[in-house]
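Right, one structure below, let's go through it.
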Amino acid sequence: MLAAWTAWCLNKSISVLSVKTPGQPRKIAAQMVFHVLDRGESLNRLLGPQLAKLCDMRQRALAQELTFGTLRWCYRLEAVLNRLLKKPLKKKDRDVHALLLVGLYQLLFLEMPPHAAVSETVSVVRQLGKEWAAGLVNAVLRNAQRQSSILLESVDGAAPARWSHPDWWIKQLQQDWPQDWQHILEASNQRPPMVLRINVARIERSAYLQQLNQLGIEAKRSAFPDTAIRLEEPVAVDSLPGFSRGLVSVQDGAAQLAAPLMRLESGQRVLDACAAPGGKTGHMFESVSDLGALIAIDSDERRLTKVAENLQRLQFKAELLAADAGDPGSWWNGEPFDRILLDAPCSASGVVRRHPDIKLLRQPGDLQTLSHQQQRLLNALWPLLASGGILLYVTCSVFKQENSDGLRLFLDEHHDAAELPLRIQWGKALPVGRQLLPGEQGMDGFYFARLIKA
Ligand SMILES: C[S@@+](CC[C@H](N)C(=O)[O-])C[C@H]1O[C@@H](n2cnc3c(N)ncnc32)[C@H](O)[C@@H]1O
C-alpha cells in the first residue's frame, strides 16, 4: 500500500524524490492553526491571502494540505502531543505548540519521510525567532516517529481524540443520530471531493465530461444530482474548460439538490434570502433563465460581492441587496414572492470535511443562538410568500435543533403553512423534511424542508 504522503505527492504530480519542502508551507500552516485555535478566527478569510504569497503551486498545495489536515485531526493530535510533552508550553509560545501539531500531522497522518517532516519543521522554529525550541521540537517529533502506532492507540480511549471532534458535538450527534453518529463523524473527517455543477442549459453533462477527459482531468458523473460531476483530484478552476464563460461551477452535489426542489417556472418572483456566495442563486437561473425577478439578499456586504461575481460569470442578472432578511420592513416593496429560498445561517456541521475549523470554532451554546436566528428568519419571511407559494428551507447542518425540530415548531405556529413532501430517493425522512448525512453518495450533509402556503 502506498504511504499517504507518497500517494499525495503522486496525486499532485510531485516526484517524491525531487520534492523540495522548504519551511514556508509549514510556517503558514502553523500560523493558520494558531489563529484558529488561539484567536478563534475562521480560515475562510485567513488562508487565501497567505496562500497567495506562495508562487509555487506545489508549495501552496502543501500549505493547504497541512492546514486542513492538522485542523481536521486536531483533537487527536492534541491528545498525542499531550503525551509527548512533559508540561504544556507557555501561553506566549502557543505558536510553537501549533507548529508541533503541524509536525505531528505530517508524521502520523501523511507518513511523510521523517527527515523532511522533522528538519523542515525545526527550521520554522528558527524563522519564528525561537531558537531555544529547536531541540524540543526535534525531540518531540523524533519520539512521535518512533512510537507512532502506540501513541495513536493510546489516545483512543477518549471520544474526542478517537473521533477528532469536540465532546459536546459527539454527544449531540449520539442523541440526534443514535444509529448513524459514527458514520457521520467518519465522513466528516474525510477529505472532500471537488464536485462540479454543469450548466446543462448550455452543455450536456456527457459532453462536458468528454472535454475533461480530453484534457486528462479524471472525473466521473455522480449518480445524482444529474448536473454533478466529481473530479478524482482537485484542480484550479481556471483549468476547467469554459469556467470563465459560465459552463461550469464548483458546488457539492448536496447543494445542487436545492434548486430543482423549488419547482421554478418562467415569470415567477423569487427571493433568495441568504444568498452569498451565490451558488444556489446561479443554479436557480440555470434551471429557469426567464424568472420574473430574482432578489438576492445577504447581510454580509463583502460576501454579496461574490454573488455579483458569480452571476456575472454565469451571465445572469439579479437584484442584489445587502440587508437583514429578517427585517423585510427595511427592503421589501410589498410584492409577494412565488418562491423563497431560505438557505439559513447554521452551524455548518454537515460540511466539516470542507471546513475543519468549524468544529474548533463552534461552541455548544451556538445551536440555541442559531435556532433562534433561523426561527426569526422563517417568521419574518413567511408573510412575503404568495398564497400557493413555496418556501424551501435548507441548512448544511446535521443537528436536529436547526432542522426538523425548528420546522416542527414553525408549522405548529403557522396554520397557513403545510409541508410539501419531498418525493426523492436520497436522505432520511424526518418528522419534517429530509436529511442527507455527510458521505451519502459522497455528498455533504444537508437538510431540506419544503413548505407551501395555503
Ligand atoms: C449558508 S450561507 C448561504 C449560501 C448560499 N445560499 C449559496 O448557496 O451560496 C448563509 C448566508 O446567510 C447570510 N446571513 C446570515 N444572517 C443573515 C440575515 N439576517 N439576513 C441575510 N443574510 C444573512 C450569511 O452572510 C451567509 O452568507
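How things are named: the first chain in the C-alpha cells is A, the next is B, and so on; residues count from 1 in each chain; ligands count from 1 in the order shown.
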
Please extract the residues at most 8 Å from ligand 1, counting only C-alpha atoms and all ligand atoms, and provide them as a VMD selection string, using the chain letters and residue numbers of this document.
chain A and resid 255 272 to 281 297 to 300 303 to 304 307 322 to 327 342 to 346 348 373 377 395 to 396

How close does region 365-404 of chain A get to region 430-452 of chain A? List, as a tab-separated table, each residue of region 365-404 of chain A within 10 Å, its nearest atom pair and the distance in Å to one decimal, counting only C-alpha atoms.
```
residue	atom	partner	partner_atom	distance
A:Trp382	CA	A:Leu451	CA	9.8
A:Leu385	CA	A:Ile452	CA	9.0
A:Ala386	CA	A:Ile452	CA	9.5
A:Ser387	CA	A:Ile452	CA	8.0
A:Gly388	CA	A:Ile452	CA	6.2
A:Gly389	CA	A:Ile452	CA	5.8
A:Ile390	CA	A:Ile452	CA	4.6
A:Leu391	CA	A:Leu451	CA	5.2
A:Leu392	CA	A:Arg450	CA	4.5
A:Tyr393	CA	A:Ala449	CA	5.2
A:Val394	CA	A:Phe448	CA	4.7
A:Thr395	CA	A:Tyr447	CA	5.2
A:Cys396	CA	A:Phe446	CA	4.3
A:Ser397	CA	A:Phe446	CA	5.9
A:Val398	CA	A:Gly445	CA	6.4
A:Phe399	CA	A:Tyr447	CA	9.3
A:Lys400	CA	A:Leu430	CA	9.2
A:Glu402	CA	A:Tyr447	CA	9.2
A:Asn403	CA	A:Tyr447	CA	6.6
A:Ser404	CA	A:Val432	CA	5.1
```

Skip His165 (chain A) itself and residues of its chain fewer than 6 positions away, then list as an mmCIF file with all heavy atoms, in the first residue's frame all residues within 12 Å of it, counting only C-alpha atoms.
```
data_model
loop_
_atom_site.group_PDB
_atom_site.id
_atom_site.type_symbol
_atom_site.label_atom_id
_atom_site.label_comp_id
_atom_site.auth_asym_id
_atom_site.auth_seq_id
_atom_site.Cartn_x
_atom_site.Cartn_y
_atom_site.Cartn_z
ATOM 1 N N LEU A 71 -5.999 20.736 11.219
ATOM 2 C CA LEU A 71 -7.246 21.120 11.886
ATOM 3 C C LEU A 71 -8.229 19.947 11.913
ATOM 4 O O LEU A 71 -8.935 19.732 12.894
ATOM 5 C CB LEU A 71 -7.869 22.333 11.190
ATOM 6 C CG LEU A 71 -7.053 23.623 11.357
ATOM 7 C CD1 LEU A 71 -7.624 24.738 10.495
ATOM 8 C CD2 LEU A 71 -7.006 24.078 12.823
ATOM 9 N N ARG A 72 -8.246 19.174 10.831
ATOM 10 C CA ARG A 72 -9.171 18.020 10.767
ATOM 11 C C ARG A 72 -8.867 17.039 11.895
ATOM 12 O O ARG A 72 -9.758 16.508 12.539
ATOM 13 C CB ARG A 72 -8.984 17.352 9.398
ATOM 14 C CG ARG A 72 -9.921 16.230 9.111
ATOM 15 C CD ARG A 72 -9.877 15.849 7.628
ATOM 16 N NE ARG A 72 -10.474 16.871 6.796
ATOM 17 C CZ ARG A 72 -9.924 17.382 5.694
ATOM 18 N NH1 ARG A 72 -8.740 16.952 5.286
ATOM 19 N NH2 ARG A 72 -10.539 18.304 5.001
ATOM 20 N N TRP A 73 -7.578 16.812 12.154
ATOM 21 C CA TRP A 73 -7.192 15.809 13.158
ATOM 22 C C TRP A 73 -6.731 16.443 14.465
ATOM 23 O O TRP A 73 -6.068 15.790 15.277
ATOM 24 C CB TRP A 73 -6.111 14.885 12.573
ATOM 25 C CG TRP A 73 -6.679 14.058 11.468
ATOM 26 C CD1 TRP A 73 -6.469 14.201 10.132
ATOM 27 C CD2 TRP A 73 -7.619 12.990 11.611
ATOM 28 N NE1 TRP A 73 -7.215 13.287 9.429
ATOM 29 C CE2 TRP A 73 -7.935 12.533 10.312
ATOM 30 C CE3 TRP A 73 -8.244 12.381 12.711
ATOM 31 C CZ2 TRP A 73 -8.834 11.495 10.081
ATOM 32 C CZ3 TRP A 73 -9.136 11.352 12.475
ATOM 33 C CH2 TRP A 73 -9.425 10.908 11.178
ATOM 34 N N CYS A 74 -7.106 17.695 14.665
ATOM 35 C CA CYS A 74 -6.558 18.473 15.776
ATOM 36 C C CYS A 74 -6.764 17.826 17.145
ATOM 37 O O CYS A 74 -5.834 17.751 17.955
ATOM 38 C CB CYS A 74 -7.189 19.860 15.751
ATOM 39 S SG CYS A 74 -6.294 21.000 16.753
ATOM 40 N N TYR A 75 -7.987 17.331 17.401
ATOM 41 C CA TYR A 75 -8.256 16.755 18.731
ATOM 42 C C TYR A 75 -7.392 15.521 18.965
ATOM 43 O O TYR A 75 -6.935 15.263 20.075
ATOM 44 C CB TYR A 75 -9.744 16.414 18.875
ATOM 45 C CG TYR A 75 -10.599 17.657 18.961
ATOM 46 C CD1 TYR A 75 -11.071 18.280 17.819
ATOM 47 C CD2 TYR A 75 -10.898 18.239 20.195
ATOM 48 C CE1 TYR A 75 -11.830 19.436 17.887
ATOM 49 C CE2 TYR A 75 -11.653 19.397 20.280
ATOM 50 C CZ TYR A 75 -12.113 19.993 19.121
ATOM 51 O OH TYR A 75 -12.857 21.141 19.197
ATOM 52 N N ARG A 76 -7.163 14.770 17.915
ATOM 53 C CA ARG A 76 -6.333 13.566 18.032
ATOM 54 C C ARG A 76 -4.864 13.959 18.230
ATOM 55 O O ARG A 76 -4.153 13.403 19.065
ATOM 56 C CB ARG A 76 -6.497 12.759 16.733
ATOM 57 C CG ARG A 76 -6.168 11.311 16.832
ATOM 58 C CD ARG A 76 -6.897 10.520 15.743
ATOM 59 N NE ARG A 76 -6.421 9.148 15.671
ATOM 60 C CZ ARG A 76 -6.643 8.229 16.603
ATOM 61 N NH1 ARG A 76 -7.339 8.547 17.668
ATOM 62 N NH2 ARG A 76 -6.171 7.006 16.468
ATOM 63 N N LEU A 77 -4.440 14.950 17.463
ATOM 64 C CA LEU A 77 -3.045 15.401 17.564
ATOM 65 C C LEU A 77 -2.763 16.042 18.919
ATOM 66 O O LEU A 77 -1.690 15.847 19.500
ATOM 67 C CB LEU A 77 -2.747 16.396 16.436
ATOM 68 C CG LEU A 77 -2.795 15.818 15.017
ATOM 69 C CD1 LEU A 77 -2.771 16.931 13.979
ATOM 70 C CD2 LEU A 77 -1.632 14.852 14.788
ATOM 71 N N GLU A 78 -3.736 16.786 19.428
ATOM 72 C CA GLU A 78 -3.562 17.422 20.753
ATOM 73 C C GLU A 78 -3.349 16.345 21.814
ATOM 74 O O GLU A 78 -2.506 16.485 22.702
ATOM 75 C CB GLU A 78 -4.803 18.247 21.131
ATOM 76 C CG GLU A 78 -4.987 19.538 20.371
ATOM 77 C CD GLU A 78 -4.187 20.719 20.936
ATOM 78 O OE1 GLU A 78 -3.242 20.493 21.707
ATOM 79 O OE2 GLU A 78 -4.495 21.863 20.538
ATOM 80 N N ALA A 79 -4.140 15.263 21.715
ATOM 81 C CA ALA A 79 -4.029 14.199 22.724
ATOM 82 C C ALA A 79 -2.655 13.529 22.647
ATOM 83 O O ALA A 79 -2.026 13.228 23.676
ATOM 84 C CB ALA A 79 -5.143 13.178 22.518
ATOM 85 N N ALA A 158 -10.429 8.117 24.724
ATOM 86 C CA ALA A 158 -11.264 9.316 24.898
ATOM 87 C C ALA A 158 -11.936 9.649 23.559
ATOM 88 O O ALA A 158 -11.267 9.721 22.522
ATOM 89 C CB ALA A 158 -10.398 10.487 25.342
ATOM 90 N N ALA A 159 -13.267 9.840 23.613
ATOM 91 C CA ALA A 159 -14.019 10.043 22.362
ATOM 92 C C ALA A 159 -13.497 11.220 21.518
ATOM 93 O O ALA A 159 -13.335 11.078 20.308
ATOM 94 C CB ALA A 159 -15.500 10.200 22.656
ATOM 95 N N LYS A 171 -21.617 14.083 21.590
ATOM 96 C CA LYS A 171 -22.804 13.728 22.396
ATOM 97 C C LYS A 171 -24.087 14.157 21.683
ATOM 98 O O LYS A 171 -25.080 13.435 21.692
ATOM 99 C CB LYS A 171 -22.713 14.392 23.767
ATOM 100 C CG LYS A 171 -21.625 13.759 24.619
ATOM 101 C CD LYS A 171 -21.759 14.154 26.068
ATOM 102 C CE LYS A 171 -20.804 13.320 26.915
ATOM 103 N NZ LYS A 171 -19.727 14.095 27.489
ATOM 104 N N GLN A 172 -24.047 15.334 21.066
ATOM 105 C CA GLN A 172 -25.236 15.818 20.354
ATOM 106 C C GLN A 172 -25.561 14.889 19.174
ATOM 107 O O GLN A 172 -26.728 14.566 18.933
ATOM 108 C CB GLN A 172 -24.977 17.253 19.848
ATOM 109 C CG GLN A 172 -26.206 17.967 19.322
ATOM 110 C CD GLN A 172 -27.266 18.181 20.384
ATOM 111 O OE1 GLN A 172 -26.982 18.735 21.437
ATOM 112 N NE2 GLN A 172 -28.472 17.696 20.128
ATOM 113 N N LEU A 173 -24.527 14.448 18.482
ATOM 114 C CA LEU A 173 -24.764 13.529 17.353
ATOM 115 C C LEU A 173 -25.316 12.191 17.852
ATOM 116 O O LEU A 173 -26.202 11.603 17.234
ATOM 117 C CB LEU A 173 -23.463 13.277 16.578
ATOM 118 C CG LEU A 173 -22.966 14.397 15.675
ATOM 119 C CD1 LEU A 173 -21.676 13.984 14.983
ATOM 120 C CD2 LEU A 173 -24.017 14.765 14.618
ATOM 121 N N TRP A 181 -24.261 8.083 14.176
ATOM 122 C CA TRP A 181 -23.296 9.098 14.611
ATOM 123 C C TRP A 181 -21.854 8.750 14.243
ATOM 124 O O TRP A 181 -21.073 9.633 13.852
ATOM 125 C CB TRP A 181 -23.444 9.393 16.109
ATOM 126 C CG TRP A 181 -23.119 8.235 17.019
ATOM 127 C CD1 TRP A 181 -23.965 7.255 17.423
ATOM 128 C CD2 TRP A 181 -21.849 7.946 17.629
ATOM 129 N NE1 TRP A 181 -23.306 6.366 18.247
ATOM 130 C CE2 TRP A 181 -22.014 6.764 18.385
ATOM 131 C CE3 TRP A 181 -20.593 8.554 17.610
ATOM 132 C CZ2 TRP A 181 -20.968 6.196 19.113
ATOM 133 C CZ3 TRP A 181 -19.550 7.978 18.344
ATOM 134 C CH2 TRP A 181 -19.743 6.817 19.082
ATOM 135 N N GLN A 182 -21.527 7.463 14.304
ATOM 136 C CA GLN A 182 -20.130 7.101 13.997
ATOM 137 C C GLN A 182 -19.832 7.328 12.519
ATOM 138 O O GLN A 182 -18.782 7.857 12.147
ATOM 139 C CB GLN A 182 -19.881 5.632 14.341
ATOM 140 C CG GLN A 182 -19.884 5.422 15.844
ATOM 141 C CD GLN A 182 -19.924 3.967 16.210
ATOM 142 O OE1 GLN A 182 -20.739 3.226 15.678
ATOM 143 N NE2 GLN A 182 -19.071 3.563 17.122
ATOM 144 N N ILE A 184 -21.313 9.467 10.637
ATOM 145 C CA ILE A 184 -21.261 10.919 10.382
ATOM 146 C C ILE A 184 -19.870 11.450 10.726
ATOM 147 O O ILE A 184 -19.270 12.219 9.969
ATOM 148 C CB ILE A 184 -22.338 11.666 11.217
ATOM 149 C CG1 ILE A 184 -23.733 11.245 10.780
ATOM 150 C CG2 ILE A 184 -22.166 13.181 11.107
ATOM 151 C CD1 ILE A 184 -24.857 11.778 11.661
ATOM 152 N N LEU A 185 -19.340 11.013 11.866
ATOM 153 C CA LEU A 185 -18.024 11.502 12.282
ATOM 154 C C LEU A 185 -16.934 11.034 11.323
ATOM 155 O O LEU A 185 -16.036 11.804 10.960
ATOM 156 C CB LEU A 185 -17.724 11.036 13.707
ATOM 157 C CG LEU A 185 -18.574 11.723 14.790
ATOM 158 C CD1 LEU A 185 -18.460 10.992 16.127
ATOM 159 C CD2 LEU A 185 -18.162 13.177 14.960
ATOM 160 N N GLU A 186 -17.043 9.778 10.918
ATOM 161 C CA GLU A 186 -16.033 9.266 9.974
ATOM 162 C C GLU A 186 -16.068 10.063 8.673
ATOM 163 O O GLU A 186 -15.024 10.477 8.157
ATOM 164 C CB GLU A 186 -16.301 7.794 9.657
ATOM 165 C CG GLU A 186 -15.424 6.882 10.475
ATOM 166 C CD GLU A 186 -15.944 5.462 10.544
ATOM 167 O OE1 GLU A 186 -16.719 5.062 9.660
ATOM 168 O OE2 GLU A 186 -15.563 4.766 11.502
ATOM 169 N N SER A 188 -17.111 13.021 8.221
ATOM 170 C CA SER A 188 -16.709 14.417 8.439
ATOM 171 C C SER A 188 -15.197 14.572 8.539
ATOM 172 O O SER A 188 -14.683 15.689 8.453
ATOM 173 C CB SER A 188 -17.361 14.965 9.713
ATOM 174 O OG SER A 188 -18.752 14.902 9.593
ATOM 175 N N ASN A 189 -14.499 13.452 8.741
ATOM 176 C CA ASN A 189 -13.034 13.511 8.816
ATOM 177 C C ASN A 189 -12.360 13.171 7.481
ATOM 178 O O ASN A 189 -11.137 13.107 7.405
ATOM 179 C CB ASN A 189 -12.522 12.543 9.887
ATOM 180 C CG ASN A 189 -12.702 13.113 11.288
ATOM 181 O OD1 ASN A 189 -12.723 14.331 11.463
ATOM 182 N ND2 ASN A 189 -12.843 12.249 12.282
ATOM 183 N N SER A 349 -22.489 22.050 10.452
ATOM 184 C CA SER A 349 -21.980 20.761 10.945
ATOM 185 C C SER A 349 -22.007 19.665 9.870
ATOM 186 O O SER A 349 -21.394 18.622 10.060
ATOM 187 C CB SER A 349 -22.788 20.317 12.162
ATOM 188 O OG SER A 349 -24.175 20.377 11.870
ATOM 189 N N VAL A 352 -18.241 19.867 7.635
ATOM 190 C CA VAL A 352 -16.980 19.962 8.384
ATOM 191 C C VAL A 352 -15.804 19.425 7.568
ATOM 192 O O VAL A 352 -14.677 19.888 7.705
ATOM 193 C CB VAL A 352 -17.108 19.175 9.708
ATOM 194 C CG1 VAL A 352 -15.794 19.099 10.429
ATOM 195 C CG2 VAL A 352 -18.130 19.839 10.584
ATOM 196 N N ARG A 353 -16.075 18.457 6.697
ATOM 197 C CA ARG A 353 -14.961 17.925 5.889
ATOM 198 C C ARG A 353 -14.389 19.016 4.984
ATOM 199 O O ARG A 353 -13.217 18.972 4.634
ATOM 200 C CB ARG A 353 -15.406 16.705 5.093
ATOM 201 C CG ARG A 353 -16.559 16.984 4.164
ATOM 202 C CD ARG A 353 -17.063 15.745 3.441
ATOM 203 N NE ARG A 353 -17.919 16.117 2.322
ATOM 204 C CZ ARG A 353 -18.163 15.354 1.287
ATOM 205 N NH1 ARG A 353 -17.625 14.154 1.226
ATOM 206 N NH2 ARG A 353 -18.941 15.744 0.316
ATOM 207 N N PRO A 356 -12.776 22.252 8.247
ATOM 208 C CA PRO A 356 -12.483 21.591 9.519
ATOM 209 C C PRO A 356 -12.332 22.554 10.687
ATOM 210 O O PRO A 356 -12.417 22.145 11.846
ATOM 211 C CB PRO A 356 -11.185 20.831 9.244
ATOM 212 C CG PRO A 356 -10.595 21.463 8.032
ATOM 213 C CD PRO A 356 -11.723 22.015 7.232
ATOM 214 N N ASP A 357 -12.113 23.843 10.416
ATOM 215 C CA ASP A 357 -12.003 24.814 11.517
ATOM 216 C C ASP A 357 -13.324 24.983 12.256
ATOM 217 O O ASP A 357 -13.338 25.380 13.422
ATOM 218 C CB ASP A 357 -11.494 26.174 11.012
ATOM 219 C CG ASP A 357 -12.295 26.733 9.843
ATOM 220 O OD1 ASP A 357 -12.861 25.941 9.071
ATOM 221 O OD2 ASP A 357 -12.360 27.971 9.710
ATOM 222 N N ILE A 358 -14.433 24.632 11.587
ATOM 223 C CA ILE A 358 -15.758 24.835 12.199
ATOM 224 C C ILE A 358 -15.866 24.113 13.541
ATOM 225 O O ILE A 358 -16.379 24.647 14.507
ATOM 226 C CB ILE A 358 -16.867 24.322 11.249
ATOM 227 C CG1 ILE A 358 -17.017 25.294 10.076
ATOM 228 C CG2 ILE A 358 -18.204 24.176 11.963
ATOM 229 C CD1 ILE A 358 -17.920 24.769 8.996
ATOM 230 N N LYS A 359 -15.349 22.884 13.579
ATOM 231 C CA LYS A 359 -15.537 22.115 14.819
ATOM 232 C C LYS A 359 -14.712 22.695 15.969
ATOM 233 O O LYS A 359 -15.002 22.429 17.137
ATOM 234 C CB LYS A 359 -15.252 20.623 14.605
ATOM 235 C CG LYS A 359 -13.884 20.297 14.111
ATOM 236 C CD LYS A 359 -13.781 18.807 13.783
ATOM 237 C CE LYS A 359 -12.473 18.484 13.125
ATOM 238 N NZ LYS A 359 -12.382 17.086 12.705
ATOM 239 N N LEU A 360 -13.698 23.490 15.633
ATOM 240 C CA LEU A 360 -12.904 24.134 16.691
ATOM 241 C C LEU A 360 -13.506 25.474 17.097
ATOM 242 O O LEU A 360 -13.254 25.971 18.191
ATOM 243 C CB LEU A 360 -11.468 24.342 16.208
ATOM 244 C CG LEU A 360 -10.751 23.019 15.965
ATOM 245 C CD1 LEU A 360 -9.825 23.089 14.786
ATOM 246 C CD2 LEU A 360 -10.011 22.600 17.213
ATOM 247 N N LEU A 361 -14.268 26.074 16.198
ATOM 248 C CA LEU A 361 -14.791 27.421 16.457
ATOM 249 C C LEU A 361 -16.172 27.392 17.118
ATOM 250 O O LEU A 361 -16.502 28.278 17.907
ATOM 251 C CB LEU A 361 -14.870 28.216 15.149
ATOM 252 C CG LEU A 361 -13.520 28.425 14.436
ATOM 253 C CD1 LEU A 361 -13.720 29.090 13.083
ATOM 254 C CD2 LEU A 361 -12.574 29.262 15.293
ATOM 255 N N ARG A 362 -16.984 26.410 16.790
ATOM 256 C CA ARG A 362 -18.348 26.356 17.344
ATOM 257 C C ARG A 362 -18.322 26.058 18.833
ATOM 258 O O ARG A 362 -17.497 25.276 19.304
ATOM 259 C CB ARG A 362 -19.150 25.256 16.666
ATOM 260 C CG ARG A 362 -19.514 25.566 15.256
ATOM 261 C CD ARG A 362 -20.856 26.238 15.129
ATOM 262 N NE ARG A 362 -21.050 26.683 13.761
ATOM 263 C CZ ARG A 362 -20.758 27.890 13.294
ATOM 264 N NH1 ARG A 362 -20.285 28.817 14.080
ATOM 265 N NH2 ARG A 362 -20.957 28.192 12.029
ATOM 266 N N GLN A 363 -19.286 26.675 19.532
ATOM 267 C CA GLN A 363 -19.439 26.430 20.964
ATOM 268 C C GLN A 363 -20.817 25.803 21.197
ATOM 269 O O GLN A 363 -21.735 26.045 20.408
ATOM 270 C CB GLN A 363 -19.357 27.753 21.738
ATOM 271 C CG GLN A 363 -18.037 28.498 21.564
ATOM 272 C CD GLN A 363 -16.853 27.677 22.033
ATOM 273 O OE1 GLN A 363 -16.913 27.006 23.056
ATOM 274 N NE2 GLN A 363 -15.764 27.700 21.254
#
```

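Proximity ranking of A:Gln147, A:Gln375, A:Asn310, A:Ser206 relative to Asp226 (chain A) places A:Ser206 first, based on only C-alpha atoms.
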
Atom-to-atom span, CA of Ile424 (chain A) and CA of Leu378 (chain A), Å:
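Computed distance, CA of Ile424 (chain A) to CA of Leu378 (chain A), equals 23.9 Å.
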
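If you measure from each of A:Ala61, A:Leu104, A:Ile150, A:Leu264 to Val235 (chain A) using only C-alpha atoms, the closest one turns out to be A:Ala61.
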
Could you check which of A:His372, A:Arg263, A:His183, A:His97 is closest to Asp405 (chain A), using only C-alpha atoms?
A:His372

Write out as a list in words the residues lying within 10 Å of Glu41 (chain A), counting only C-alpha atoms and excluding same-chain residues fewer than 3 positions away.
Met32, Val33, Phe34, His35, Val36, Leu37, Asp38, Asn44, Arg45, Leu46, Asp357, Ile358, Leu360 and Leu361 of chain A

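The nearest approach to Phe109 (chain A) among the residues A:Ile198, A:Ala134, A:Ala318, A:Leu66, with only C-alpha atoms taken into account, belongs to A:Leu66.
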
Would you pick out the contacts of Leu100 (chain A) at 9 Å or less, using only C-alpha atoms, so that residues sharing its chain but fewer than 5 positions from it are not included, and give the list as JSON, numbers by chain?
{"A": [30, 81, 95, 105, 121, 137, 140, 141]}

Hey, can you spit out that residue selection with N, CA and C atoms as a compact mmCIF listing (two decimals), in the first residue's frame?
```txt
# COMPACT_ATOMS: atom_id res chain seq x y z
N ALA A 30 1.25 26.48 10.37
CA ALA A 30 1.31 26.68 11.83
C ALA A 30 0.63 27.99 12.21
N LEU A 81 0.10 14.94 21.48
CA LEU A 81 1.11 15.92 21.92
C LEU A 81 1.16 16.00 23.45
N ASP A 95 2.57 29.56 19.47
CA ASP A 95 2.94 29.39 18.05
C ASP A 95 3.76 28.12 17.87
N TYR A 105 1.14 16.04 12.47
CA TYR A 105 0.24 15.66 11.37
C TYR A 105 1.04 15.03 10.22
N THR A 121 10.32 21.20 9.77
CA THR A 121 9.52 21.77 10.86
C THR A 121 10.44 22.48 11.86
N VAL A 137 11.34 20.69 19.68
CA VAL A 137 10.54 20.25 18.53
C VAL A 137 11.17 19.01 17.92
N VAL A 140 10.48 15.97 20.29
CA VAL A 140 9.07 15.54 20.29
C VAL A 140 8.75 14.80 18.99
N LEU A 141 9.19 15.36 17.86
CA LEU A 141 8.84 14.73 16.58
C LEU A 141 9.57 13.40 16.40
```

Tell me which protein, DNA and RNA residues are within 10 Å of Gly267 (chain A), counting only C-alpha atoms, leaving out same-chain ones fewer than 6 positions away, and put them as a list in words.
Val288, Ser289, Asp290, Leu291, Gly292, Ala293, Leu294 and Asp338 of chain A

Pick out the residues sitting within 8 Å of Val195 (chain A), and hand them over as a PyMOL selection string; count only C-alpha atoms, and ignore anything fewer than 6 positions along from it in its own chain.
chain A and resi 228-231+250-253

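With CA of Ile203 (chain A) on one side and CA of Gln312 (chain A) on the other, the separation reads 18.2 Å.
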
Could you pull out all residues of region 219-417 of chain A with a DSSP call of strand (DSSP E) and give them as a PyMOL selection string?
chain A and resi 219-221+228-231+248-250+269-272+293-298+319-322+337-343+385-395+417
